[in-house]
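Quick notes on the structure that follows.
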Amino acid sequence: MVDVVVFAIASVIVLGGGLGVISFRNPVHAALSLIASFFGVAVLFILQEAHFLALVQVVVYAGAVVVLFLFVIMLLGVDRAEDVSTEPIVGQRSLAAAGAGLILLLALGGLFLSGPGGDDGAVALTGQPGAVTPLDESSDIEQLARDLFTRNILAFEATALLLTIATVGAVVLVRNQGGEDLVIDDPGTSIH
Amino acid sequence: MEVTETWYLVLSAVLFSLGAFGLMTRRNPLVMFMCVELMLNAVNLSFVAFANALDDLAGQSAVFFVLVVAAAEVVVGLSIVVAIMRRQPDATVDEFAEMRG
């Protein structure tokens with residue numbers, strides 16, 4: 001019963017945050033609702049006993065990624081509201097709603113219609129459970145570490161390479177090649 | 001009443017559709033990136049639900065790698081946005097068409 005209450009509260013936070021991201025006109029507000037959504041997902045991770053992932057979710061997503069977003073918003077001075085009342089492409093809104101609704105229908109249809117047991121969604125979608133690395137009684141961080149450093153060691157090394165490439169790429173992309181300096185010291189002026 | 005993985009999967013589907021809708025309607029590139037993050041989070045949520053339901057750690061490992069790739073994607077994407085905004089301070093995604101070679 002406690003689970004149900006926690007799930008309900010967390011899913012309201014997740015969906016409310018998501019709605020905020022797509023509807024707030026000011027990007028700063030959108031970023032803040034994104035944090036709310038990430039926290040809700042972290043709570044749901046804890047509810048499913050993925051404690052390490054919940055921690056990483058808060059530190060990496062709600063911490064680093066959103067701070068990066070806010071930093072770029074402030075740096076560029078684009079913290080002005082977007083006019084969300086106009087539609088640059090005629091019918092874009094309704095087409096997008098139809099597309100998103102189709103995605104939702106496909107996902108829910110796959111979940112409830114496929115396989116013999118409609119309610120046993122996960123098994124219906126992926127077949128019988130045939131765990132490669134079954135969960136055991138040790139803590140989830142221990143199991144995850146064992147999995148990452150044995151079975152997935154190559155992928156783990158590849159992520160290190162990926163992060164290095166991303167860092168170098170970011171530095172190269174934003175390097176100021178003799179252009180005008182950004183005005184970032186004076187909060188009252190933007191670059192235009 | 002008990003929380004089953006179906007609940008998580010339904011929530012994940014709704015969150016994914018929200019993100020997709022936002023991605024198709026918003027024009028500010030930063031907000032579009034946020035919508036992509038929402039979609040990635042929805043998928044992470046379903047990965048963890050599957051890991052629990054099928055009693056398999058592979059789902060949790062997948063979430064770990066999704067996190068890393070998402071961080072790298074945000075870093076590169078935002079630096080592209082910074083580079084473009086520097087040339088054209090008022091750019092929306094419509095102006096990004098000039099990236100054509």
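Following the order of the structure tokens, first chain is A, next is B, and so on, with residues numbered from 1 inside each chain and ligands from 1 in the order they appear.
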
For the contact check between chain B and chain A, emit one row per residue of chain B within 7 Å, containing the shortest atom pair and the distance in Å rounded to one decimal, counting only C-alpha atoms, chain then rising number order, as JSON lines.
{"residue": "B:Met1", "atom": "CA", "partner": "A:Met1", "partner_atom": "CA", "distance": 6.5}
{"residue": "B:Glu2", "atom": "CA", "partner": "A:Val4", "partner_atom": "CA", "distance": 6.5}
{"residue": "B:Val3", "atom": "CA", "partner": "A:Val4", "partner_atom": "CA", "distance": 5.9}
{"residue": "B:Glu5", "atom": "CA", "partner": "A:Ala122", "partner_atom": "CA", "distance": 7.0}
{"residue": "B:Thr6", "atom": "CA", "partner": "A:Gly121", "partner_atom": "CA", "distance": 5.6}
{"residue": "B:Val10", "atom": "CA", "partner": "A:Leu108", "partner_atom": "CA", "distance": 6.7}
{"residue": "B:Ala13", "atom": "CA", "partner": "A:Leu104", "partner_atom": "CA", "distance": 5.9}
{"residue": "B:Val14", "atom": "CA", "partner": "A:Leu104", "partner_atom": "CA", "distance": 6.3}
{"residue": "B:Leu15", "atom": "CA", "partner": "A:Leu15", "partner_atom": "CA", "distance": 6.5}
{"residue": "B:Ser17", "atom": "CA", "partner": "A:Ala100", "partner_atom": "CA", "distance": 5.0}
{"residue": "B:Leu18", "atom": "CA", "partner": "A:Gly18", "partner_atom": "CA", "distance": 6.6}
{"residue": "B:Ala20", "atom": "CA", "partner": "A:Ala100", "partner_atom": "CA", "distance": 5.9}
{"residue": "B:Phe21", "atom": "CA", "partner": "A:Ala100", "partner_atom": "CA", "distance": 5.3}
{"residue": "B:Gly22", "atom": "CA", "partner": "A:Ile22", "partner_atom": "CA", "distance": 4.9}
{"residue": "B:Met24", "atom": "CA", "partner": "A:Ala96", "partner_atom": "CA", "distance": 5.7}
{"residue": "B:Thr25", "atom": "CA", "partner": "A:Arg93", "partner_atom": "CA", "distance": 6.1}
{"residue": "B:Val31", "atom": "CA", "partner": "A:Pro27", "partner_atom": "CA", "distance": 6.3}
{"residue": "B:Leu38", "atom": "CA", "partner": "A:Gly18", "partner_atom": "CA", "distance": 6.9}
{"residue": "B:Leu45", "atom": "CA", "partner": "A:Val41", "partner_atom": "CA", "distance": 7.0}
{"residue": "B:Phe50", "atom": "CA", "partner": "A:Ala122", "partner_atom": "CA", "distance": 6.0}
{"residue": "B:Asn52", "atom": "CA", "partner": "A:Gln48", "partner_atom": "CA", "distance": 6.9}
{"residue": "B:Ala53", "atom": "CA", "partner": "A:Ala122", "partner_atom": "CA", "distance": 6.4}
{"residue": "B:Leu54", "atom": "CA", "partner": "A:Pro129", "partner_atom": "CA", "distance": 5.1}
{"residue": "B:Asp55", "atom": "CA", "partner": "A:Leu135", "partner_atom": "CA", "distance": 5.5}
{"residue": "B:Asp56", "atom": "CA", "partner": "A:Pro134", "partner_atom": "CA", "distance": 4.5}
{"residue": "B:Leu57", "atom": "CA", "partner": "A:Thr133", "partner_atom": "CA", "distance": 5.5}
{"residue": "B:Ala58", "atom": "CA", "partner": "A:Thr133", "partner_atom": "CA", "distance": 6.6}
{"residue": "B:Ser61", "atom": "CA", "partner": "A:Leu144", "partner_atom": "CA", "distance": 6.5}
{"residue": "B:Val68", "atom": "CA", "partner": "A:Thr159", "partner_atom": "CA", "distance": 6.7}
{"residue": "B:Ala71", "atom": "CA", "partner": "A:Val65", "partner_atom": "CA", "distance": 6.7}
{"residue": "B:Ala72", "atom": "CA", "partner": "A:Ala166", "partner_atom": "CA", "distance": 5.5}
{"residue": "B:Val75", "atom": "CA", "partner": "A:Ala170", "partner_atom": "CA", "distance": 6.4}
{"residue": "B:Val76", "atom": "CA", "partner": "A:Ala170", "partner_atom": "CA", "distance": 5.4}
{"residue": "B:Ser79", "atom": "CA", "partner": "A:Ala170", "partner_atom": "CA", "distance": 5.4}
{"residue": "B:Ile80", "atom": "CA", "partner": "A:Leu173", "partner_atom": "CA", "distance": 6.5}
{"residue": "B:Val82", "atom": "CA", "partner": "A:Val174", "partner_atom": "CA", "distance": 6.7}
{"residue": "B:Ala83", "atom": "CA", "partner": "A:Val174", "partner_atom": "CA", "distance": 5.6}
{"residue": "B:Pro89", "atom": "CA", "partner": "A:His192", "partner_atom": "CA", "distance": 6.5}

Legend entry - Closest of B:Gly77, B:Ala51, B:Gly59, B:Leu11 to Val36 in chain B - atom-to-atom distances counting only C-alpha atoms: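 Closest to Val36 in chain B, using only C-alpha atoms: B:Gly77.
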
Inset, instruction - Have a look at B:Asn41, B:Ser46, B:Gln60, B:Gln88 and name the one nearest to Trp7 in chain B; count only C-alpha atoms. - result: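 Ranking B:Asn41, B:Ser46, B:Gln60, B:Gln88 by distance to Trp7 in chain B, first place goes to B:Ser46.
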
Inset, instruction - Could you please determine the separation between CA of Ala62 in chain A and CA of Phe39 in chain A in Å, to one decimal place? - result: 7.1 Å

Legend entry - Pick from B:Met34, B:Arg87, B:Ala42, B:Val81 nearest to Val66 in chain B, counting only C-alpha atoms: B:Ala42

Legend entry - Residue nearest Ile35 in chain A - candidates A:Val59, A:Ile9, A:Ile153, A:Ile141, atoms counted: only C-alpha atoms: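 Selected residue with least distance to Ile35 in chain A: A:Val59.
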
Inset, instruction - Tell me, in Å to one decimal, how far CA of Gly19 in chain B is from CA of Phe71 in chain A. - result: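 Distance reported for this atom pair: 21.8 Å.
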